[in-house]
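Below is input.cif, holding mmCIF, C-alpha atoms.
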data_structure
#
loop_
_atom_site.label_atom_id
_atom_site.label_comp_id
_atom_site.auth_asym_id
_atom_site.auth_seq_id
_atom_site.Cartn_x
_atom_site.Cartn_y
_atom_site.Cartn_z
CA MET A 8 0.00 0.00 0.00
CA TYR A 9 1.20 3.51 -0.83
CA GLU A 10 1.38 6.04 1.96
CA THR A 11 -1.80 7.78 2.99
CA ASN A 12 -3.05 10.13 5.72
CA TYR A 13 -5.89 8.95 7.91
CA HIS A 14 -8.52 11.34 9.30
CA ARG A 15 -11.48 10.42 11.49
CA ALA A 16 -14.55 12.63 11.08
CA SER A 17 -17.14 12.98 13.83
CA SER A 18 -19.73 14.85 11.74
CA ILE A 19 -20.72 15.17 8.08
CA GLN A 20 -19.60 18.79 8.07
CA GLU A 21 -16.18 17.85 9.44
CA ALA A 22 -15.83 15.08 6.86
CA VAL A 23 -16.56 17.50 4.01
CA GLN A 24 -13.98 19.96 5.40
CA MET A 25 -11.36 17.22 5.71
CA MET A 26 -12.03 16.11 2.15
CA GLY A 27 -11.80 19.71 0.92
CA ALA A 28 -8.36 20.02 2.48
CA ALA A 29 -7.07 16.77 0.94
CA ALA A 30 -5.11 16.62 -2.31
CA GLU A 31 -6.69 13.41 -3.59
CA GLY A 32 -8.83 12.12 -0.78
CA LYS A 33 -11.30 9.30 -0.52
CA TYR A 34 -14.01 8.61 2.00
CA VAL A 35 -13.76 5.25 3.76
CA SER A 36 -16.58 3.63 5.68
CA GLY A 37 -16.25 -0.14 6.22
CA GLY A 38 -13.35 -0.18 3.75
CA MET A 39 -14.07 -3.74 2.63
CA THR A 40 -13.42 -2.83 -1.00
CA LEU A 41 -11.24 0.25 -0.63
CA ILE A 42 -8.58 -1.12 1.75
CA PRO A 43 -7.95 -4.32 -0.30
CA THR A 44 -7.87 -2.15 -3.46
CA MET A 45 -5.27 0.12 -1.85
CA ARG A 46 -3.25 -2.91 -0.80
CA LEU A 47 -3.14 -4.00 -4.44
CA ARG A 48 -1.96 -0.46 -5.27
CA LEU A 49 -4.95 -0.04 -7.58
CA ALA A 50 -5.98 2.99 -5.52
CA ALA A 51 -3.66 5.46 -3.84
CA PRO A 52 -5.63 8.21 -2.11
CA SER A 53 -3.46 10.86 -0.46
CA ASP A 54 -5.96 11.00 2.41
CA LEU A 55 -8.64 8.78 3.87
CA VAL A 56 -11.57 10.40 5.65
CA ASP A 57 -13.24 7.82 7.91
CA LEU A 58 -17.05 8.12 8.08
CA ARG A 59 -17.63 5.14 10.37
CA HIS A 60 -17.93 7.19 13.55
CA ILE A 61 -20.49 9.74 12.35
CA THR A 62 -23.71 9.22 14.33
CA GLU A 63 -25.93 10.95 11.73
CA LEU A 64 -25.11 8.22 9.19
CA LYS A 65 -26.20 5.36 11.40
CA GLY A 66 -29.46 3.56 12.07
CA ILE A 67 -32.41 2.00 10.27
CA ALA A 68 -35.86 3.58 10.62
CA VAL A 69 -39.14 2.07 9.42
CA ASP A 70 -42.37 4.09 9.55
CA GLY A 71 -45.31 2.16 8.12
CA ARG A 72 -43.89 0.96 4.80
CA SER A 73 -41.47 3.83 4.46
CA VAL A 74 -37.86 2.79 5.04
CA ARG A 75 -34.76 4.86 5.75
CA ILE A 76 -31.39 3.13 6.03
CA GLY A 77 -28.45 5.23 7.21
CA ALA A 78 -25.48 5.08 4.85
CA ALA A 79 -23.21 3.66 7.56
CA ALA A 80 -25.57 0.78 8.39
CA THR A 81 -23.51 -2.38 8.05
CA HIS A 82 -24.66 -5.37 6.02
CA GLU A 83 -25.04 -7.25 9.31
CA GLU A 84 -27.30 -4.52 10.74
CA VAL A 85 -29.47 -4.55 7.60
CA ALA A 86 -29.56 -8.36 7.50
CA THR A 87 -30.70 -8.67 11.11
CA SER A 88 -33.03 -5.63 11.38
CA ALA A 89 -36.36 -6.98 12.68
CA GLU A 90 -38.15 -3.76 11.67
CA LEU A 91 -36.90 -3.92 8.11
CA GLY A 92 -37.48 -7.69 7.98
CA ALA A 93 -41.15 -7.11 8.80
CA VAL A 94 -41.76 -4.94 5.70
CA CYS A 95 -39.01 -5.84 3.22
CA PRO A 96 -37.29 -9.14 4.06
CA ALA A 97 -35.78 -9.29 0.54
CA VAL A 98 -33.33 -6.48 1.37
CA CYS A 99 -32.35 -8.23 4.64
CA ASP A 100 -31.78 -11.46 2.73
CA LEU A 101 -29.64 -9.66 0.15
CA ALA A 102 -27.48 -8.04 2.85
CA GLY A 103 -27.07 -11.38 4.63
CA HIS A 104 -25.52 -12.90 1.52
CA ILE A 105 -22.85 -10.25 0.86
CA GLY A 106 -19.29 -11.47 1.44
CA ASP A 107 -18.85 -13.36 4.71
CA PRO A 108 -19.73 -12.58 8.35
CA ALA A 109 -16.52 -10.61 9.02
CA VAL A 110 -17.07 -8.53 5.88
CA ARG A 111 -20.74 -7.95 6.80
CA HIS A 112 -19.65 -6.58 10.18
CA MET A 113 -17.70 -3.78 8.47
CA GLY A 114 -19.13 -3.18 4.99
CA THR A 115 -21.90 -0.58 4.65
CA ILE A 116 -24.79 0.08 2.28
CA GLY A 117 -23.51 3.60 1.57
CA GLY A 118 -20.07 2.30 0.66
CA SER A 119 -21.49 -0.38 -1.58
CA ILE A 120 -23.68 1.92 -3.64
CA ALA A 121 -21.05 4.70 -3.80
CA ASN A 122 -18.56 2.19 -5.21
CA ASN A 123 -21.12 0.81 -7.73
CA ASP A 124 -19.17 -2.36 -8.43
CA PRO A 125 -20.88 -3.95 -11.46
CA ALA A 126 -21.19 -7.23 -9.50
CA ALA A 127 -22.36 -5.69 -6.21
CA ASP A 128 -25.78 -6.71 -4.87
CA TYR A 129 -27.21 -3.49 -3.41
CA PRO A 130 -27.43 -1.47 -6.66
CA ALA A 131 -29.98 -3.99 -8.01
CA ALA A 132 -32.13 -3.58 -4.90
CA MET A 133 -31.94 0.22 -5.06
CA LEU A 134 -33.10 0.29 -8.69
CA ALA A 135 -35.84 -2.29 -8.17
CA VAL A 136 -37.40 -0.60 -5.13
CA ASP A 137 -37.02 2.83 -6.78
CA ALA A 138 -34.95 4.14 -3.86
CA VAL A 139 -33.89 7.71 -3.32
CA ILE A 140 -30.21 8.17 -2.52
CA VAL A 141 -29.92 10.99 0.03
CA THR A 142 -26.64 12.92 0.17
CA ASP A 143 -25.32 15.80 2.23
CA ARG A 144 -26.57 18.19 -0.47
CA ARG A 145 -29.48 16.63 -2.45
CA GLU A 146 -31.63 13.62 -3.22
CA ILE A 147 -30.94 11.45 -6.26
CA LYS A 148 -33.29 8.82 -7.73
CA ALA A 149 -31.61 5.43 -8.00
CA GLY A 150 -32.38 5.47 -11.73
CA ASP A 151 -30.17 8.57 -12.12
CA PHE A 152 -27.55 7.51 -9.59
CA PHE A 153 -25.80 4.47 -11.10
CA THR A 154 -24.22 5.89 -14.25
CA ASP A 155 -21.55 3.39 -15.37
CA LEU A 156 -19.07 0.77 -14.09
CA PHE A 157 -17.83 2.11 -10.74
CA GLU A 158 -19.37 5.48 -11.69
CA THR A 159 -22.20 7.31 -9.95
CA ALA A 160 -23.86 10.73 -10.01
CA LEU A 161 -21.94 11.72 -6.85
CA GLU A 162 -19.96 14.92 -7.18
CA GLU A 163 -16.55 15.69 -5.72
CA GLY A 164 -16.71 15.41 -1.95
CA GLU A 165 -20.42 14.51 -1.84
CA ILE A 166 -21.41 12.04 0.90
CA ILE A 167 -24.30 9.57 0.84
CA THR A 168 -26.15 9.97 4.13
CA ALA A 169 -29.03 7.52 3.69
CA VAL A 170 -31.24 5.63 1.27
CA ARG A 171 -35.03 5.89 1.36
CA PHE A 172 -37.72 3.77 -0.24
CA ASP A 173 -41.25 2.46 0.19
CA ALA A 174 -41.26 -1.26 0.86
CA PRO A 175 -42.72 -3.08 -2.17
CA ALA A 176 -45.67 -5.45 -1.73
CA LYS A 177 -43.51 -8.37 -2.84
CA ALA A 178 -39.80 -8.62 -3.54
CA ALA A 179 -36.92 -11.08 -3.71
CA TYR A 180 -33.30 -11.22 -4.78
CA GLN A 181 -31.61 -14.22 -6.31
CA LYS A 182 -28.00 -14.41 -7.39
CA PHE A 183 -25.85 -16.94 -9.16
CA ALA A 184 -22.62 -16.55 -7.25
CA ASN A 185 -19.23 -17.06 -8.82
CA PRO A 186 -18.06 -20.34 -7.25
CA ALA A 187 -14.73 -18.83 -6.17
CA SER A 188 -15.27 -15.14 -5.42
CA ARG A 189 -18.98 -15.47 -4.51
CA TYR A 190 -19.67 -12.19 -6.30
CA ALA A 191 -22.84 -12.21 -8.38
CA MET A 192 -22.16 -13.57 -11.87
CA THR A 193 -25.76 -12.47 -12.32
CA GLY A 194 -28.14 -11.25 -9.64
CA VAL A 195 -31.77 -10.22 -10.12
CA PHE A 196 -33.92 -8.20 -7.73
CA VAL A 197 -37.66 -8.24 -8.48
CA ALA A 198 -40.08 -5.89 -6.75
CA ARG A 199 -43.86 -5.67 -7.19
CA ARG A 200 -45.73 -2.63 -5.98
CA ASN A 201 -49.27 -2.67 -4.60
CA ASP A 202 -50.61 -1.34 -7.92
CA GLY A 203 -49.07 -4.32 -9.75
CA GLU A 204 -46.15 -2.50 -11.37
CA VAL A 205 -43.07 -4.71 -11.39
CA ARG A 206 -39.43 -3.68 -11.54
CA VAL A 207 -36.65 -6.09 -12.44
CA ALA A 208 -33.05 -4.97 -11.83
CA VAL A 209 -30.02 -6.98 -12.89
CA THR A 210 -26.51 -6.83 -11.47
CA GLY A 211 -23.33 -8.69 -12.40
CA ALA A 212 -24.34 -9.07 -16.04
CA GLY A 213 -24.47 -5.68 -17.76
CA SER A 214 -21.51 -4.19 -19.64
CA ASN A 215 -22.42 -0.81 -18.14
CA GLY A 216 -23.30 -2.07 -14.67
CA VAL A 217 -26.70 -2.51 -13.05
CA PHE A 218 -29.76 -2.13 -15.33
CA ARG A 219 -33.52 -2.66 -15.48
CA HIS A 220 -35.00 -5.08 -17.99
CA GLN A 221 -38.11 -3.62 -19.64
CA GLY A 222 -39.18 -6.88 -21.30
CA LEU A 223 -39.18 -8.81 -18.03
CA GLU A 224 -40.92 -5.93 -16.25
CA ALA A 225 -43.72 -5.80 -18.83
CA ALA A 226 -44.21 -9.57 -18.76
CA LEU A 227 -44.32 -9.74 -14.97
CA SER A 228 -46.54 -6.66 -14.63
CA ALA A 229 -49.05 -8.45 -16.90
CA ASN A 230 -48.67 -11.84 -15.21
CA TRP A 231 -46.86 -12.12 -11.85
CA SER A 232 -45.70 -15.69 -12.20
CA PRO A 233 -42.39 -17.48 -12.88
CA ASP A 234 -43.91 -18.83 -16.12
CA ALA A 235 -44.32 -15.30 -17.49
CA VAL A 236 -40.55 -15.13 -17.97
CA ALA A 237 -40.40 -18.00 -20.49
CA ASN A 238 -41.20 -16.03 -23.66
CA VAL A 239 -39.19 -12.89 -22.86
CA ALA A 240 -36.07 -12.37 -24.98
CA VAL A 241 -32.96 -11.19 -23.14
CA ASP A 242 -30.51 -9.58 -25.55
CA ALA A 243 -26.95 -10.74 -24.88
CA SER A 244 -25.28 -7.95 -26.87
CA ASP A 245 -25.06 -5.55 -23.90
CA LEU A 246 -23.94 -8.22 -21.42
CA LEU A 247 -20.50 -9.01 -20.05
CA THR A 248 -18.26 -11.75 -21.32
CA ASP A 249 -15.32 -12.78 -19.15
CA LEU A 250 -13.50 -15.96 -18.18
CA HIS A 251 -16.36 -16.93 -15.87
CA ALA A 252 -19.25 -16.73 -18.30
CA SER A 253 -20.13 -15.65 -21.83
CA ALA A 254 -22.75 -13.00 -22.54
CA ALA A 255 -25.14 -15.70 -23.81
CA TYR A 256 -24.73 -17.66 -20.58
CA ARG A 257 -25.43 -14.54 -18.55
CA ALA A 258 -28.49 -13.77 -20.70
CA ASN A 259 -29.89 -17.15 -19.71
CA LEU A 260 -28.96 -16.55 -16.07
CA VAL A 261 -30.95 -13.31 -16.11
CA LYS A 262 -34.09 -15.30 -16.95
CA VAL A 263 -33.35 -18.13 -14.53
CA MET A 264 -32.61 -15.78 -11.62
CA THR A 265 -35.74 -13.74 -12.43
CA LYS A 266 -37.87 -16.89 -12.35
CA ARG A 267 -36.35 -17.96 -9.04
CA ALA A 268 -36.82 -14.51 -7.57
CA VAL A 269 -40.49 -14.35 -8.55
CA ALA A 270 -41.01 -17.82 -7.08
CA ALA A 271 -39.28 -16.76 -3.86
CA ALA A 272 -41.06 -13.39 -3.49
CA MET B 185 2.72 8.55 11.46
CA ALA B 186 -0.22 7.76 13.72
CA LYS B 187 -0.23 7.19 17.44
CA VAL B 188 -2.75 4.43 17.92
CA THR B 189 -4.31 3.50 21.24
CA MET B 190 -6.70 0.59 21.66
CA THR B 191 -7.66 -2.09 24.14
CA VAL B 192 -6.29 -5.49 23.19
CA ASN B 193 -7.33 -8.54 25.20
CA GLY B 194 -8.42 -6.27 28.03
CA ARG B 195 -5.17 -4.32 28.22
CA GLN B 196 -4.76 -0.75 26.95
CA VAL B 197 -1.96 -0.54 24.40
CA SER B 198 -0.44 2.25 22.31
CA GLY B 199 1.92 2.24 19.40
CA VAL B 200 3.24 4.47 16.68
CA CYS B 201 2.82 3.26 13.12
CA ASP B 202 2.27 4.53 9.58
CA ASP B 203 -1.29 5.62 8.82
CA ARG B 204 -1.30 2.83 6.21
CA THR B 205 -0.32 0.08 8.68
CA LEU B 206 -2.86 -2.73 8.69
CA LEU B 207 -4.37 -3.82 11.99
CA VAL B 208 -2.94 -7.32 11.57
CA HIS B 209 0.60 -5.95 11.26
CA PHE B 210 0.08 -3.66 14.25
CA ILE B 211 -1.07 -6.67 16.31
CA ARG B 212 1.78 -8.91 15.16
CA GLU B 213 4.67 -6.49 14.90
CA ASN B 214 3.95 -3.68 17.37
CA LEU B 215 2.30 -5.85 20.00
CA GLY B 216 4.14 -9.12 19.32
CA LEU B 217 0.89 -11.11 19.29
CA THR B 218 1.68 -13.52 16.47
CA GLY B 219 -1.30 -15.83 16.92
CA THR B 220 -3.22 -13.76 14.37
CA HIS B 221 -2.00 -14.92 10.96
CA VAL B 222 -1.65 -13.36 7.53
CA GLY B 223 -2.73 -15.95 5.00
CA CYS B 224 -3.94 -14.86 1.60
CA ASP B 225 -3.31 -11.12 1.72
CA THR B 226 -6.44 -10.68 -0.41
CA SER B 227 -9.03 -10.66 2.43
CA GLN B 228 -10.50 -14.04 1.52
CA CYS B 229 -8.91 -16.65 3.79
CA GLY B 230 -9.86 -15.45 7.28
CA ALA B 231 -6.60 -16.45 9.03
CA CYS B 232 -6.45 -12.86 10.34
CA VAL B 233 -9.91 -12.75 11.97
CA VAL B 234 -10.03 -10.93 15.32
CA HIS B 235 -12.93 -9.36 17.19
CA MET B 236 -13.37 -5.60 17.13
CA ASP B 237 -15.89 -4.27 19.66
CA GLY B 238 -17.27 -7.80 19.96
CA GLN B 239 -17.66 -8.61 16.25
CA SER B 240 -15.48 -10.72 13.95
CA VAL B 241 -13.50 -8.68 11.42
CA LYS B 242 -10.64 -9.32 9.01
CA SER B 243 -7.65 -7.50 10.47
CA CYS B 244 -5.84 -7.57 7.09
CA SER B 245 -8.51 -5.29 5.61
CA ILE B 246 -8.63 -2.67 8.36
CA LEU B 247 -6.04 -0.01 9.13
CA ALA B 248 -4.71 0.12 12.67
CA ALA B 249 -5.80 3.77 12.64
CA GLN B 250 -9.39 2.73 11.82
CA ALA B 251 -9.33 0.45 14.86
CA ALA B 252 -8.03 3.15 17.22
CA SER B 253 -10.10 3.46 20.43
CA SER B 254 -11.77 0.09 19.84
CA ALA B 255 -11.62 -3.08 21.93
CA ILE B 256 -9.82 -5.91 20.13
CA THR B 257 -9.77 -9.58 21.10
CA THR B 258 -7.20 -11.85 19.49
CA ILE B 259 -6.76 -15.62 19.79
CA GLU B 260 -4.37 -14.98 22.71
CA GLY B 261 -7.25 -13.37 24.63
CA LEU B 262 -9.58 -16.39 24.64
CA ALA B 263 -8.04 -18.77 27.18
CA GLN B 264 -8.67 -17.75 30.79
CA ASN B 265 -6.43 -18.71 33.71
CA GLY B 266 -4.66 -21.34 31.64
CA GLU B 267 -7.94 -23.02 30.62
CA LEU B 268 -8.71 -23.28 26.92
CA HIS B 269 -11.83 -21.47 25.72
CA PRO B 270 -14.61 -24.04 25.04
CA VAL B 271 -14.22 -23.46 21.28
CA GLN B 272 -10.47 -24.08 21.47
CA ALA B 273 -11.10 -27.22 23.54
CA ALA B 274 -13.68 -28.42 20.99
CA PHE B 275 -11.23 -27.94 18.09
CA LYS B 276 -8.77 -30.12 20.02
CA ALA B 277 -11.36 -32.76 20.95
CA HIS B 278 -12.81 -33.01 17.41
CA HIS B 279 -9.42 -32.81 15.62
CA GLY B 280 -10.56 -29.61 13.94
CA LEU B 281 -7.06 -28.75 12.76
CA GLN B 282 -4.10 -30.28 11.01
CA CYS B 283 -1.36 -27.79 10.17
CA GLY B 284 -3.05 -25.18 12.35
CA PHE B 285 -2.37 -22.13 10.21
CA CYS B 286 -6.03 -21.24 9.69
CA THR B 287 -7.02 -22.25 13.23
CA PRO B 288 -6.80 -18.86 15.01
CA GLY B 289 -9.12 -17.32 12.42
CA MET B 290 -11.42 -20.36 12.47
CA VAL B 291 -11.70 -20.21 16.25
CA MET B 292 -12.36 -16.45 16.32
CA THR B 293 -15.00 -16.85 13.59
CA ALA B 294 -16.56 -19.76 15.51
CA VAL B 295 -16.74 -17.79 18.77
CA ASP B 296 -18.52 -14.96 16.94
CA MET B 297 -20.90 -17.41 15.25
CA ILE B 298 -21.86 -18.96 18.59
CA ARG B 299 -22.30 -15.49 20.11
CA ARG B 300 -24.91 -14.70 17.44
CA HIS B 301 -26.68 -18.07 17.10
CA GLY B 302 -26.11 -19.79 20.47
CA SER B 303 -27.07 -23.44 20.65
CA ASN B 304 -29.53 -22.91 17.75
CA LEU B 305 -26.55 -23.18 15.44
CA ASP B 306 -27.05 -25.92 12.83
CA GLU B 307 -24.70 -27.51 10.34
CA ALA B 308 -25.99 -25.59 7.32
CA THR B 309 -25.48 -22.26 9.10
CA VAL B 310 -21.96 -23.20 10.19
CA ARG B 311 -20.99 -24.16 6.65
CA PHE B 312 -22.59 -21.00 5.20
CA GLU B 313 -20.84 -18.75 7.74
CA LEU B 314 -17.44 -20.37 7.17
CA GLU B 315 -17.55 -18.76 3.72
CA GLY B 316 -14.77 -16.36 4.69
CA ASN B 317 -12.40 -18.88 6.32
CA ILE B 318 -10.32 -21.20 4.18
CA CYS B 319 -8.68 -24.41 5.42
CA ARG B 320 -6.48 -26.39 3.04
CA CYS B 321 -6.01 -29.46 5.27
CA THR B 322 -9.09 -30.72 7.04
CA GLY B 323 -11.84 -30.66 4.44
CA TYR B 324 -13.86 -28.73 7.05
CA HIS B 325 -15.83 -31.70 8.45
CA ASN B 326 -14.08 -31.73 11.82
CA ILE B 327 -14.13 -27.94 12.03
CA VAL B 328 -17.89 -28.02 11.58
CA LYS B 329 -18.20 -30.77 14.23
CA ALA B 330 -16.02 -28.79 16.64
CA ILE B 331 -18.12 -25.62 16.23
CA LEU B 332 -21.41 -27.51 16.67
CA GLY B 333 -19.96 -29.32 19.70
CA ALA B 334 -18.82 -26.07 21.28
CA ALA B 335 -22.18 -24.40 20.57
CA GLN B 336 -23.98 -27.25 22.35
CA GLU B 337 -21.62 -27.18 25.28
CA MET B 338 -21.69 -23.40 25.66
CA GLY B 339 -25.49 -23.29 25.23
CA GLY B 340 -25.81 -26.07 27.82
CA ALA B 341 -23.50 -24.26 30.21
CA ARG B 342 -25.54 -21.07 29.78
CA GLN B 343 -28.82 -22.90 30.51
CA ALA B 344 -27.31 -24.58 33.58
CA ALA B 345 -26.23 -21.17 34.87
CA GLU B 346 -29.70 -19.67 34.42
#

Take the structure in this file and express it as structure tokens.
Amino acid sequence: MYETNYHRASSIQEAVQMMGAAAEGKYVSGGMTLIPTMRLRLAAPSDLVDLRHITELKGIAVDGRSVRIGAAATHEEVATSAELGAVCPAVCDLAGHIGDPAVRHMGTIGGSIANNDPAADYPAAMLAVDAVIVTDRREIKAGDFFTDLFETALEEGEIITAVRFDAPAKAAYQKFANPASRYAMTGVFVARRNDGEVRVAVTGAGSNGVFRHQGLEAALSANWSPDAVANVAVDASDLLTDLHASAAYRANLVKVMTKRAVAAA
Amino acid sequence: MAKVTMTVNGRQVSGVCDDRTLLVHFIRENLGLTGTHVGCDTSQCGACVVHMDGQSVKSCSILAAQAASSAITTIEGLAQNGELHPVQAAFKAHHGLQCGFCTPGMVMTAVDMIRRHGSNLDEATVRFELEGNICRCTGYHNIVKAILGAAQEMGGARQAAE
């Protein structure tokens, strides 16, 4: 790891000031992606501003079906939240399958969506439940937030403070994990609102990161059943090919994971 | 350079290290506690697992500076008054180790697992939660048996005390 300067912020305001004073700073929360990336010398921030001790970023609040998850909520906290589990167990289930227990004790929802790894799980959930990403300066719809591989709408120094969404009537997430890394080779989050509108968001498969699939959404909005997926065409031309799976294989996985998710919802 | 103060195995310790120093190196090199191992160096193998404020974490993926002011427990902190911790004793009784390199991380992960699940722990959960701990000798069967055995014993001991 290259040299860096560590700063611990105790408030959002202090964090923004620390970042403003840094030459090429990065925020760190759980650090479960950033610290290993720095160790591989793929990232070399001059300064790290630690957000893990900022009280305003913590906590999970559920009011009726309206959910607010603080950006510094760990995967373990989301996975085991009884309040969240009562209205949206699919998000708890997703969080409980990220990494391993030690990683879930550190990694946070804010860190995951800010990093926007194309194989990360949370971006699919955010798109499918039509979440609002709340930052220290504005609110961004999930549909406008995830812009490209590892790219988001966040500006220089902007901090995610929370995510907000209304719990869908039914939802589930299914992923086909890479047998070695356990990252999603393809993961699908399906969410059905009370009015019957269905959203289907896919991670791990798209060449430009997480995306919604209109064909699957239309089919499932018309007929909420695993069988509705059968006649939908999934175009492989925008999907990833790598040593783990071809685009055609991933296209099939999109359908299989969607079917499983609808069955599980 | 950072001056880092934390509580390790119940004792307050301080040390000076680079801001980039990993917690595992601080524990091994500044504190001389070499029971915590560095295995893969890619945060997958779990040989470096310690507890930070009561929860299992991978000390190879955390800076010592991030852990400042926290309470750390390492494998050296488990045995009390010369008596093995029940999980350590179960690993011995069930032959849950061969070369022993992964064992400190396995034991720390197991203690955390039992803390969260108690005697409700079942085999499927143990295998699922060992995702982040790699053993290249045992094939895991005896590790799983040891963890289930310890969970039973510790759950039983807790009930007897109540």

At a cut-off of 8 Å, which residues of chain A touch chain B? Count only C-alpha atoms and give the answer as a PDB file with C-alpha atoms, keeping the file's coordinate frame.
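Here's the written file selection39.pdb:
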ATOM      1  CA  MET A   8       0.000   0.000   0.000  1.00  0.00           C
ATOM      2  CA  TYR A   9       1.200   3.510  -0.830  1.00  0.00           C
ATOM      3  CA  GLU A  10       1.380   6.040   1.960  1.00  0.00           C
ATOM      4  CA  THR A  11      -1.800   7.780   2.990  1.00  0.00           C
ATOM      5  CA  ASN A  12      -3.050  10.130   5.720  1.00  0.00           C
ATOM      6  CA  TYR A  13      -5.890   8.950   7.910  1.00  0.00           C
ATOM      7  CA  ARG A  15     -11.480  10.420  11.490  1.00  0.00           C
ATOM      8  CA  GLY A  38     -13.350  -0.180   3.750  1.00  0.00           C
ATOM      9  CA  MET A  39     -14.070  -3.740   2.630  1.00  0.00           C
ATOM     10  CA  ILE A  42      -8.580  -1.120   1.750  1.00  0.00           C
ATOM     11  CA  PRO A  43      -7.950  -4.320  -0.300  1.00  0.00           C
ATOM     12  CA  ASP A  57     -13.240   7.820   7.910  1.00  0.00           C
ATOM     13  CA  GLY A 106     -19.290 -11.470   1.440  1.00  0.00           C
ATOM     14  CA  ASP A 107     -18.850 -13.360   4.710  1.00  0.00           C
ATOM     15  CA  PRO A 108     -19.730 -12.580   8.350  1.00  0.00           C
ATOM     16  CA  ALA A 109     -16.520 -10.610   9.020  1.00  0.00           C
ATOM     17  CA  VAL A 110     -17.070  -8.530   5.880  1.00  0.00           C
ATOM     18  CA  HIS A 112     -19.650  -6.580  10.180  1.00  0.00           C
ATOM     19  CA  MET A 113     -17.700  -3.780   8.470  1.00  0.00           C
TER      20      MET A 113
END

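Neighbours of B:Asn304 closer than or equal to 12 Å, with all atoms listed in the file counted and sequence neighbours fewer than 4 positions away skipped, come out as Met297, Ile298, Arg299, Arg300, Ala308, Thr309, Val310, Ile331, Leu332, Gly333, Ala334, Ala335, Gln336, Glu337, Met338, Gly339 and Gly340 of chain B.
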
Atoms to include: C-alpha atoms. Write the selected residues as a PDB file, in the coordinates of the input.
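Result file follows (part-v7.pdb):
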ATOM      1  CA  MET B 297     -20.900 -17.410  15.250  1.00  0.00           C
ATOM      2  CA  ILE B 298     -21.860 -18.960  18.590  1.00  0.00           C
ATOM      3  CA  ARG B 299     -22.300 -15.490  20.110  1.00  0.00           C
ATOM      4  CA  ARG B 300     -24.910 -14.700  17.440  1.00  0.00           C
ATOM      5  CA  ALA B 308     -25.990 -25.590   7.320  1.00  0.00           C
ATOM      6  CA  THR B 309     -25.480 -22.260   9.100  1.00  0.00           C
ATOM      7  CA  VAL B 310     -21.960 -23.200  10.190  1.00  0.00           C
ATOM      8  CA  ILE B 331     -18.120 -25.620  16.230  1.00  0.00           C
ATOM      9  CA  LEU B 332     -21.410 -27.510  16.670  1.00  0.00           C
ATOM     10  CA  GLY B 333     -19.960 -29.320  19.700  1.00  0.00           C
ATOM     11  CA  ALA B 334     -18.820 -26.070  21.280  1.00  0.00           C
ATOM     12  CA  ALA B 335     -22.180 -24.400  20.570  1.00  0.00           C
ATOM     13  CA  GLN B 336     -23.980 -27.250  22.350  1.00  0.00           C
ATOM     14  CA  GLU B 337     -21.620 -27.180  25.280  1.00  0.00           C
ATOM     15  CA  MET B 338     -21.690 -23.400  25.660  1.00  0.00           C
ATOM     16  CA  GLY B 339     -25.490 -23.290  25.230  1.00  0.00           C
ATOM     17  CA  GLY B 340     -25.810 -26.070  27.820  1.00  0.00           C
TER      18      GLY B 340
END

Exercise for the section: Quick one: everything within 9 Å of B:Gln282, counting only C-alpha atoms, minus sequence neighbours fewer than 4 positions away in the same chain. Send it as a ChimeraX atom specification. Expected result: /B:287,321-322

I need the residues from that last selection saved to file as a PDB file, in the coordinates of the input (with C-alpha atoms), if you can.
ATOM      1  CA  THR B 287      -7.020 -22.250  13.230  1.00  0.00           C
ATOM      2  CA  CYS B 321      -6.010 -29.460   5.270  1.00  0.00           C
ATOM      3  CA  THR B 322      -9.090 -30.720   7.040  1.00  0.00           C
TER       4      THR B 322
END

Problem - Residue among A:Phe196, A:Tyr129, A:Trp231, A:Phe153 lying closest to A:Lys182, counting only C-alpha atoms - result: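 Between A:Phe196, A:Tyr129, A:Trp231, A:Phe153, the residue approaching A:Lys182 most closely is A:Phe196.
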
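Closest to B:Gly284 among B:Ala330, B:Ser253, B:His221, B:Gly238 is B:His221, based on all atoms listed in the file.
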